[in-house]
Each structure stands twice: as structure tokens, then as C-alpha cells.
file model_8.txt (compact mmCIF, C-alpha atoms and all ligand atoms)
# COMPACT_ATOMS: atom_id res chain seq x y z
CA MET A 21 -44.64 -17.45 -28.49
CA GLN A 22 -42.81 -14.31 -29.61
CA ASP A 23 -40.84 -14.38 -26.32
CA LEU A 24 -39.70 -17.94 -26.96
CA ILE A 25 -38.69 -17.07 -30.51
CA ASN A 26 -36.59 -14.14 -29.26
CA GLN A 27 -34.98 -16.29 -26.59
CA TYR A 28 -34.02 -19.04 -29.07
CA LEU A 29 -32.80 -16.44 -31.56
CA ALA A 30 -30.43 -14.94 -28.99
CA GLU A 31 -29.12 -18.38 -28.08
CA ILE A 32 -28.57 -19.32 -31.72
CA GLU A 33 -26.74 -16.08 -32.48
CA LEU A 34 -24.36 -16.59 -29.54
CA PHE A 35 -23.70 -20.24 -30.35
CA PHE A 36 -20.22 -21.16 -31.51
CA THR A 37 -18.21 -24.33 -31.47
CA GLN A 38 -15.31 -26.02 -33.18
CA ASN A 39 -16.49 -29.39 -32.00
CA ALA A 40 -18.65 -31.70 -34.21
CA GLU A 41 -20.26 -33.32 -31.18
CA GLU A 42 -21.43 -29.95 -29.84
CA LEU A 43 -22.72 -29.00 -33.28
CA GLU A 44 -24.81 -32.19 -33.37
CA GLN A 45 -26.24 -31.31 -29.94
CA PHE A 46 -27.20 -27.93 -31.40
CA ARG A 47 -28.93 -29.59 -34.35
CA ILE A 48 -30.85 -31.98 -32.12
CA LYS A 49 -31.89 -29.21 -29.75
CA PHE A 50 -33.24 -26.80 -32.35
CA LEU A 51 -33.69 -28.45 -35.75
CA SER A 52 -34.40 -32.20 -35.33
CA LYS A 53 -37.97 -33.48 -35.64
CA LYS A 54 -38.43 -33.34 -31.88
CA GLY A 55 -36.41 -30.11 -31.59
CA LEU A 56 -37.55 -26.78 -30.22
CA ILE A 57 -38.23 -25.10 -33.56
CA PRO A 58 -40.47 -27.87 -35.00
CA ALA A 59 -42.31 -27.78 -31.65
CA LEU A 60 -43.01 -24.09 -32.21
CA PHE A 61 -44.37 -24.83 -35.69
CA GLU A 62 -46.58 -27.43 -34.04
CA ASP A 63 -47.93 -24.76 -31.66
CA PHE A 64 -48.44 -22.29 -34.48
CA LYS A 65 -52.03 -23.49 -35.00
CA ASN A 66 -52.91 -22.05 -31.58
CA VAL A 67 -51.77 -18.53 -32.50
CA PRO A 68 -54.74 -16.13 -32.89
CA PRO A 69 -55.44 -15.35 -36.58
CA GLU A 70 -54.57 -11.63 -36.26
CA GLN A 71 -51.04 -12.52 -35.03
CA ARG A 72 -50.32 -15.31 -37.47
CA ARG A 73 -48.69 -13.24 -40.15
CA ALA A 74 -46.09 -11.65 -37.81
CA VAL A 75 -45.43 -14.76 -35.75
CA GLY A 76 -45.19 -16.92 -38.86
CA GLN A 77 -42.58 -14.63 -40.35
CA ALA A 78 -40.56 -14.61 -37.10
CA LEU A 79 -40.76 -18.38 -36.90
CA ASN A 80 -39.50 -18.86 -40.46
CA ASP A 81 -36.74 -16.39 -39.75
CA LEU A 82 -35.72 -18.34 -36.65
CA LYS A 83 -35.62 -21.62 -38.55
CA ASN A 84 -33.47 -20.07 -41.31
CA LYS A 85 -31.05 -18.55 -38.80
CA ALA A 86 -30.62 -21.90 -37.03
CA GLN A 87 -30.09 -23.73 -40.32
CA GLU A 88 -27.60 -21.11 -41.56
CA LYS A 89 -25.65 -21.28 -38.31
CA PHE A 90 -25.58 -25.06 -38.49
CA ASN A 91 -24.40 -25.03 -42.12
CA LEU A 92 -21.73 -22.42 -41.49
CA ILE A 93 -20.18 -24.18 -38.50
CA LYS A 94 -20.43 -27.58 -40.22
CA GLU A 95 -18.47 -26.20 -43.15
CA GLN A 96 -15.88 -24.62 -40.86
CA ILE A 97 -15.35 -27.85 -38.99
CA GLU A 98 -15.13 -29.89 -42.20
CA THR A 99 -12.67 -27.57 -43.90
CA GLY A 100 -10.74 -26.83 -40.71
CA ALA A 101 -11.09 -23.13 -41.43
CA VAL A 102 -12.50 -21.20 -38.53
CA GLU A 103 -13.22 -17.71 -39.63
CA VAL A 104 -12.33 -15.21 -36.94
CA LYS A 105 -14.29 -12.04 -37.40
CA SER A 106 -12.50 -9.23 -35.67
CA ASP A 107 -11.88 -5.51 -35.92
CA ILE A 108 -8.50 -5.88 -34.24
CA ASP A 109 -5.54 -4.97 -36.40
CA LEU A 110 -2.71 -7.06 -35.01
CA SER A 111 -0.12 -5.06 -36.90
CA LEU A 112 -0.81 -1.83 -35.00
CA PRO A 113 1.81 -0.72 -32.44
CA VAL A 114 0.72 -1.19 -28.80
CA ASP A 115 -0.55 1.61 -26.60
CA PHE A 116 2.35 2.33 -24.27
CA LEU A 117 1.37 1.49 -20.69
CA GLN A 118 2.42 4.27 -18.34
CA PRO A 119 4.31 2.58 -15.52
CA GLY A 120 3.24 3.72 -12.07
CA SER A 121 5.70 5.07 -9.55
CA ARG A 122 6.43 4.35 -5.94
CA HIS A 123 5.36 7.03 -3.50
CA PRO A 124 8.38 9.06 -2.36
CA LEU A 125 7.69 8.07 1.26
CA SER A 126 7.76 4.40 0.26
CA ILE A 127 11.03 4.94 -1.59
CA ILE A 128 12.68 6.51 1.47
CA ARG A 129 11.20 3.96 3.88
CA ASN A 130 12.42 1.06 1.73
CA GLU A 131 15.87 2.62 1.52
CA MET A 132 16.02 2.97 5.32
CA VAL A 133 14.89 -0.63 5.80
CA GLN A 134 17.57 -1.82 3.40
CA ILE A 135 20.31 0.23 5.07
CA PHE A 136 19.50 -1.05 8.54
CA SER A 137 18.87 -4.62 7.40
CA ARG A 138 22.48 -4.73 6.16
CA ILE A 139 23.63 -4.41 9.78
CA GLY A 140 21.19 -6.91 11.19
CA PHE A 141 18.05 -4.90 12.00
CA VAL A 142 14.75 -6.60 11.23
CA VAL A 143 11.41 -4.85 10.66
CA ALA A 144 8.61 -5.04 13.25
CA GLU A 145 5.20 -3.39 13.17
CA GLY A 146 2.45 -2.59 15.65
CA PRO A 147 -1.08 -1.18 15.86
CA GLU A 148 -1.88 2.43 14.93
CA ILE A 149 -4.58 2.58 17.62
CA GLU A 150 -2.77 2.24 20.91
CA ASP A 151 -3.48 2.15 24.63
CA ASP A 152 -2.07 4.63 27.13
CA TRP A 153 0.49 2.15 28.50
CA HIS A 154 2.26 1.52 25.20
CA ASN A 155 2.04 5.05 23.85
CA PHE A 156 2.83 7.01 27.05
CA THR A 157 3.15 5.37 30.45
CA ALA A 158 5.68 2.64 29.67
CA LEU A 159 7.79 5.30 27.92
CA ASN A 160 8.09 7.41 31.09
CA PHE A 161 5.65 10.13 30.06
CA GLN A 162 4.48 11.88 33.24
CA GLN A 163 0.74 12.15 33.84
CA ASP A 164 0.85 15.91 33.14
CA HIS A 165 3.07 15.65 30.04
CA PRO A 166 1.73 17.99 27.30
CA ALA A 167 1.64 15.12 24.75
CA ARG A 168 -1.17 13.57 26.81
CA ASP A 169 -3.26 16.67 26.15
CA MET A 170 -6.18 16.59 23.71
CA GLN A 171 -4.51 19.55 21.99
CA ASP A 172 -1.64 17.35 20.89
CA THR A 173 -3.04 13.84 20.59
CA PHE A 174 -6.10 12.28 18.95
CA PHE A 175 -8.03 10.37 21.59
CA ILE A 176 -10.34 7.55 20.51
CA GLU A 177 -11.58 6.98 24.08
CA LYS A 178 -10.98 8.46 27.53
CA ASN A 179 -10.71 6.41 30.74
CA PRO A 180 -9.16 4.11 29.80
CA ASP A 181 -7.32 6.23 27.26
CA ILE A 182 -7.08 4.89 23.71
CA VAL A 183 -5.21 7.08 21.23
CA LEU A 184 -3.96 7.20 17.67
CA ARG A 185 -0.29 6.52 18.33
CA THR A 186 1.80 9.68 18.40
CA HIS A 187 5.05 7.86 17.60
CA THR A 188 6.23 4.37 16.70
CA SER A 189 7.93 4.13 20.12
CA SER A 190 4.85 2.18 21.18
CA VAL A 191 6.08 -0.64 18.95
CA GLN A 192 9.42 -0.58 20.80
CA ILE A 193 7.54 -1.27 24.03
CA ARG A 194 5.68 -4.15 22.39
CA ALA A 195 8.95 -5.55 21.03
CA MET A 196 10.56 -5.47 24.48
CA GLU A 197 7.51 -7.02 26.12
CA LEU A 198 7.26 -9.82 23.59
CA ARG A 199 10.89 -10.69 22.88
CA LYS A 200 14.02 -11.34 24.87
CA PRO A 201 17.30 -9.51 24.15
CA PRO A 202 19.22 -9.34 21.93
CA ILE A 203 16.66 -7.14 20.15
CA ARG A 204 17.76 -5.38 16.99
CA GLU A 205 14.70 -4.04 15.21
CA ILE A 206 13.39 -1.08 13.28
CA PHE A 207 9.80 0.13 13.36
CA PRO A 208 8.50 1.95 10.30
CA GLY A 209 4.92 3.24 10.48
CA ARG A 210 2.31 5.96 10.36
CA VAL A 211 1.77 8.24 13.35
CA PHE A 212 -0.78 10.93 14.22
CA ARG A 213 -0.62 14.26 16.04
CA ASN A 214 -3.26 16.90 16.52
CA GLU A 215 -1.43 19.58 14.53
CA ALA A 216 -2.73 22.35 12.31
CA ILE A 217 -1.90 21.34 8.73
CA SER A 218 0.57 23.64 7.01
CA ALA A 219 3.49 23.45 4.60
CA ARG A 220 5.71 22.39 7.54
CA ALA A 221 3.41 20.19 9.62
CA HIS A 222 0.73 17.57 9.09
CA CYS A 223 -1.53 15.59 11.41
CA ILE A 224 -0.35 12.37 9.74
CA PHE A 225 3.27 11.51 9.13
CA HIS A 226 5.62 8.53 9.16
CA GLN A 227 8.50 7.48 11.34
CA VAL A 228 11.20 4.89 11.39
CA GLU A 229 12.43 4.11 14.87
CA GLY A 230 15.16 1.68 15.81
CA LEU A 231 16.05 -0.27 18.93
CA TYR A 232 19.09 -2.30 19.90
CA ILE A 233 19.25 -4.06 23.26
CA ASP A 234 21.93 -6.50 24.32
CA HIS A 235 24.74 -6.92 26.83
CA ASP A 236 27.16 -3.96 26.89
CA VAL A 237 25.48 -1.78 24.26
CA SER A 238 27.02 1.69 24.62
CA PHE A 239 26.60 5.21 23.30
CA ALA A 240 29.58 4.48 21.03
CA ASP A 241 27.52 1.74 19.35
CA LEU A 242 24.69 4.23 18.87
CA LYS A 243 27.00 6.78 17.27
CA GLN A 244 28.64 4.25 14.99
CA THR A 245 25.27 2.87 13.83
CA LEU A 246 23.88 6.31 13.01
CA TYR A 247 27.15 7.42 11.42
CA TYR A 248 26.86 4.40 9.12
CA PHE A 249 23.24 5.28 8.36
CA ALA A 250 24.09 8.91 7.50
CA HIS A 251 26.82 7.79 5.10
CA GLU A 252 24.58 5.25 3.38
CA MET A 253 21.63 7.63 3.11
CA PHE A 254 23.34 10.94 2.31
CA GLY A 255 26.73 9.99 0.91
CA GLU A 256 30.28 9.14 1.95
CA GLY A 257 31.47 12.62 2.86
CA THR A 258 28.60 13.28 5.29
CA ARG A 259 29.68 14.46 8.75
CA VAL A 260 27.51 14.05 11.84
CA ARG A 261 27.24 15.87 15.14
CA PHE A 262 25.31 15.05 18.28
CA ARG A 263 23.65 17.73 20.43
CA PRO A 264 22.39 16.95 23.96
CA SER A 265 18.60 16.78 24.08
CA TYR A 266 15.78 15.41 26.21
CA PHE A 267 13.24 12.63 25.63
CA PRO A 268 11.29 10.95 28.45
CA PHE A 269 12.31 7.45 27.34
CA THR A 270 16.09 7.86 26.77
CA GLU A 271 18.93 8.94 29.05
CA PRO A 272 21.21 10.46 27.91
CA SER A 273 19.39 11.79 24.83
CA ALA A 274 20.72 13.53 21.75
CA GLU A 275 19.70 14.98 18.45
CA MET A 276 21.80 14.21 15.43
CA ASP A 277 22.62 16.68 12.68
CA ILE A 278 24.32 15.90 9.40
CA SER A 279 26.50 18.27 7.42
CA CYS A 280 24.35 19.89 4.74
CA PHE A 281 24.51 17.65 1.68
CA VAL A 282 23.47 20.51 -0.60
CA CYS A 283 26.17 23.08 0.23
CA GLY A 284 28.62 20.73 1.94
CA GLY A 285 28.52 22.87 5.10
CA LYS A 286 29.16 26.29 3.56
CA GLY A 287 25.59 27.49 4.17
CA CYS A 288 22.48 27.54 1.97
CA PRO A 289 18.68 27.95 2.29
CA ILE A 290 18.21 24.18 2.97
CA CYS A 291 20.41 24.33 6.11
CA LYS A 292 19.30 27.91 6.90
CA TYR A 293 22.96 28.95 6.40
CA SER A 294 24.13 26.91 9.39
CA GLY A 295 25.85 24.15 7.41
CA TRP A 296 23.97 21.50 9.47
CA VAL A 297 20.62 19.77 9.10
CA GLU A 298 18.83 18.04 11.97
CA ILE A 299 17.59 14.58 11.00
CA LEU A 300 16.84 12.49 14.09
CA GLY A 301 16.56 12.02 17.83
CA CYS A 302 18.27 9.24 19.77
CA GLY A 303 19.61 8.11 23.11
CA MET A 304 20.27 5.24 25.51
CA VAL A 305 17.02 3.53 26.55
CA ASP A 306 16.10 4.73 30.04
CA PRO A 307 16.59 1.85 32.55
CA ASN A 308 13.10 2.54 33.84
CA VAL A 309 11.66 1.81 30.36
CA LEU A 310 13.57 -1.48 30.24
CA GLU A 311 12.18 -2.44 33.64
CA ASN A 312 8.64 -1.45 32.53
CA CYS A 313 8.97 -4.08 29.79
CA GLY A 314 10.40 -6.79 32.03
CA ILE A 315 14.03 -6.43 30.93
CA ASN A 316 16.68 -6.42 33.66
CA SER A 317 18.41 -3.04 33.36
CA GLU A 318 21.38 -4.28 35.40
CA GLU A 319 22.05 -6.92 32.78
CA TYR A 320 21.09 -5.18 29.55
CA THR A 321 21.53 -1.77 27.98
CA GLY A 322 20.28 -0.46 24.68
CA PHE A 323 19.90 2.49 22.39
CA ALA A 324 16.96 3.85 20.42
CA PHE A 325 16.58 6.37 17.65
CA GLY A 326 13.73 7.79 15.61
CA MET A 327 13.27 9.96 12.56
CA GLY A 328 10.50 11.26 10.34
CA ILE A 329 10.34 9.74 6.88
CA GLU A 330 8.79 12.95 5.51
CA ARG A 331 11.70 14.95 6.95
CA ILE A 332 14.27 12.78 5.16
CA ALA A 333 12.24 12.80 1.92
CA ILE A 334 11.88 16.60 2.07
CA LEU A 335 15.63 16.96 2.47
CA LYS A 336 16.60 14.41 -0.16
CA TYR A 337 14.14 15.57 -2.82
CA LYS A 338 14.08 19.27 -1.81
CA ILE A 339 10.30 19.25 -1.39
CA GLN A 340 8.84 22.56 -0.20
CA ASP A 341 5.48 21.46 1.19
CA ILE A 342 4.71 18.39 3.35
CA ARG A 343 1.07 18.41 2.16
CA LEU A 344 2.21 17.23 -1.28
CA PHE A 345 2.81 13.75 0.18
CA PHE A 346 -0.89 13.30 0.92
CA GLU A 347 -2.61 15.06 -1.97
CA ASN A 348 -2.00 12.32 -4.54
CA ASP A 349 -1.40 14.89 -7.27
CA VAL A 350 -0.06 12.87 -10.21
CA ARG A 351 2.08 15.81 -11.37
CA PHE A 352 3.99 15.43 -8.11
CA LEU A 353 3.97 11.63 -7.97
CA LYS A 354 5.05 10.96 -11.55
CA GLN A 355 8.34 12.74 -10.88
CA PHE A 356 9.36 9.59 -9.02
CA THR A 357 8.69 7.22 -11.92
CA GLY A 358 11.57 4.82 -12.33
CA VAL A 359 12.85 5.15 -8.75
CA VAL A 360 12.65 1.80 -7.01
ZN ZN B 401 23.36 23.92 3.21

call {"tool": "encode", "arguments": {"input": "model_8.txt", "output": "C-alpha cells"}}
result
Amino acid sequence: MQDLINQYLAEIELFFTQNAEELEQFRIKFLSKKGLIPALFEDFKNVPPEQRRAVGQALNDLKNKAQEKFNLIKEQIETGAVEVKSDIDLSLPVDFLQPGSRHPLSIIRNEMVQIFSRIGFVVAEGPEIEDDWHNFTALNFQQDHPARDMQDTFFIEKNPDIVLRTHTSSVQIRAMELRKPPIREIFPGRVFRNEAISARAHCIFHQVEGLYIDHDVSFADLKQTLYYFAHEMFGEGTRVRFRPSYFPFTEPSAEMDISCFVCGGKGCPICKYSGWVEILGCGMVDPNVLENCGINSEEYTGFAFGMGIERIAILKYKIQDIRLFFENDVRFLKQFTGVV
């Protein structure tokens, strides 16, 4: 019986309503002649004599609590005054909510997406776990290319080879396989290389690559597009220069430097006193790569470029250590509060 008393007591204490109908239900349930509490009094005669004193007291207590609750709520409903018991002081000033901040890599990636979207590039994404064809073979990597080595690439499986993608170029292959030219897309994403982690290198980083394929796309279009990007990203006065380079999937290939935006080209520690800072690789898509993806290289030409988001963020924010991007140290991250 004591268990039932405790159970009813808890229910009565929690009960609240502003509705007369619900209050009547409460009365019928607990207090009416056929209610639960009179039923307990009826059972009281079965309680062993040695327990009667304690149980009797608890039972009377329960009845009083139910009656008090009923009277209180009845009065509140009748007078229209619902007493709100609360420790909250509504006049106190609010606790200021610290706004979060975007991660610096997100800030830079979003800025890149916006810059390229203004000249018609759309964003496309692909899987981070990639097969050999999309990550290497379709991009003209020779079978003995060092990037195919376990020293450089994380392999999930061997024969057939499944890897963590080493660049977002794999998404370029997927774009060319799936869609017909004109293709004007950028590919932001996370990539993985088997590198020792240091202030300068990490096994995880992010790239944005771009691809434009159409009739009569030339190296001049490539230069103009990247010149526009450099101005938008680093400022109006930025100069660019292209140095010949080599990538398996572009021919000809180049690396692009920008004039140092810290010293303006005079020489400083950021540009290692050269006046120039390397920011990306680029080139005309190798006809063989186009053919690998089912695009007629006699009819279409295209250019591609790629850059590291960390590299751009390090330059723009003068960050000394690439590991800071992945440590989630709030002292680092909260410096970007307010940047959108
Ligand atoms: Zn400089």
C-alpha cells in the first residue's frame, strides 16, 4: 500500500492545469467516492496492525495533499490568477552567447567558390575513397609513377587498388565521364597523402581544382581566368607569372606565382626575398586524358588548375604551422570570429 501512496503522491504533486474540465477529472480520479484515495481507505482494514499507524498517517497526508491541490487550482481557475512560481528574474541582463566562427579553411574555400562562380564555374564533388582509374590511370600516371607507391599514397586495398584520393583531379575525371562539354566546374575537397606531419606538411589537406572544356579553349583563356582569380583573391595590384612545369595530366603545364602581397615584390620573409609566391599548378588538359573520358580531343580542348586551400590560407592569414588547421584549438579558431 505504501508504494501506491507514493505513486499517487508523485502524480498529485506534478499535476497542474488551467482547465476546469481537467480539474474535475482529477477530483473524480482521486477524491470522489469511487476514487483512488477512498479505495485505499477501504483497503486500510487489511493493513497489519503493526503498520497501521505509519500507513494511516501517510494515507491522511495523501488525502490532504490531493484536497489542497484541488482547492488551490480551483481558486486559480475561478479568479483567473495563475500563480507562476519561478526563480527566474526576468529583469536580469542576458548571458552573452559567444558566436562561433567559420574555420579558416572554410572561409577561403567559400571565397574561392564565390570568385569562380562569378565567371560561371559550378561546384562538383566526388568520393574521397577512389579507384586506381580515377585517381591515377585516367590521369596519365605511368604504372611506375612514384605517387602510386605506398610511401606516398594511402592504399585501402591492393589488386584492384583502392586509395584515399591524393588530389581532387579524380573528380575532374568523373565530371568528364558523366557530362558533355561545355564543362566549367570547380572541385573543392579533402585529399590525403602519406606524408610525415610537420609545420609545412600534413597527411590531410584540401584542394580546389578547376576544369574548363569547350570548343577553342586556349592557354590565353587559362591565363585570363587565373589572372582574374589572383586579383579577386589577393587584390587589384597583384601581378602573376607563369613558369613551365610538368604534370602527367596537362600539356603544356605551368605553375603560377603571384607578386608578394606582403612586400609588393620588394622581398620579405613570406616570399623568401624573391618577391614572388607560388600559389597553383595549371595547364591544358592532355588530349589523352580527354580521350580516356570519352571526349573527342580533335573537337574539344580545355584547361585545368589546382591549388591547396591550406596554402592560400597560410599566405592570406600569415599562419606559421599547417597543423593548427587540424588541432581545433579555440585560441586559434576564435581569431576568425566575424569573418563570413
Ligand atoms: Zn614578400

call {"tool": "residues_near_ligand", "arguments": {"input": "model_8.txt", "ligand": "ligand ZN 401 (chain B)", "cutoff": "6 Å", "atoms": "only C-alpha atoms and all ligand atoms", "output": "VMD selection string"}}
result
chain A and resid 280 282 to 283 285 287 to 288 290 to 291 293 295

call {"tool": "residues_around", "arguments": {"input": "model_8.txt", "residues": "Phe239 (chain A)", "least_positions_apart": "5", "cutoff": "9 Å", "atoms": "all atoms listed in the file", "output": "PDB file with C-alpha atoms, keeping the file's coordinate frame"}}
result
ATOM      1  CA  GLN A 244      28.640   4.250  14.990  1.00  0.00           C
ATOM      2  CA  PRO A 272      21.210  10.460  27.910  1.00  0.00           C
ATOM      3  CA  GLY A 303      19.610   8.110  23.110  1.00  0.00           C
ATOM      4  CA  MET A 304      20.270   5.240  25.510  1.00  0.00           C
ATOM      5  CA  GLY A 322      20.280  -0.460  24.680  1.00  0.00           C
ATOM      6  CA  PHE A 323      19.900   2.490  22.390  1.00  0.00           C
TER       7      PHE A 323
END

call {"tool": "closest_residue", "arguments": {"input": "model_8.txt", "among": "A:Phe346, A:Phe50, A:Phe156, A:Phe174", "to": "Glu31 (chain A)", "atoms": "only C-alpha atoms"}}
result
A:Phe50

call {"tool": "closest_residue", "arguments": {"input": "model_8.txt", "among": "A:Cys302, A:Ser52, A:Phe64, A:Asp236", "to": "Glu318 (chain A)", "atoms": "only C-alpha atoms"}}
result
A:Asp236

call {"tool": "atom_distance", "arguments": {"input": "model_8.txt", "atom1": "CA of Asp23 (chain A)", "atom2": "CA of Leu43 (chain A)"}}
result
24.3 Å

call {"tool": "closest_residue", "arguments": {"input": "model_8.txt", "among": "A:Asn39, A:Asn26, A:Asn312, A:Thr186", "to": "Asp81 (chain A)", "atoms": "all atoms listed in the file"}}
result
A:Asn26
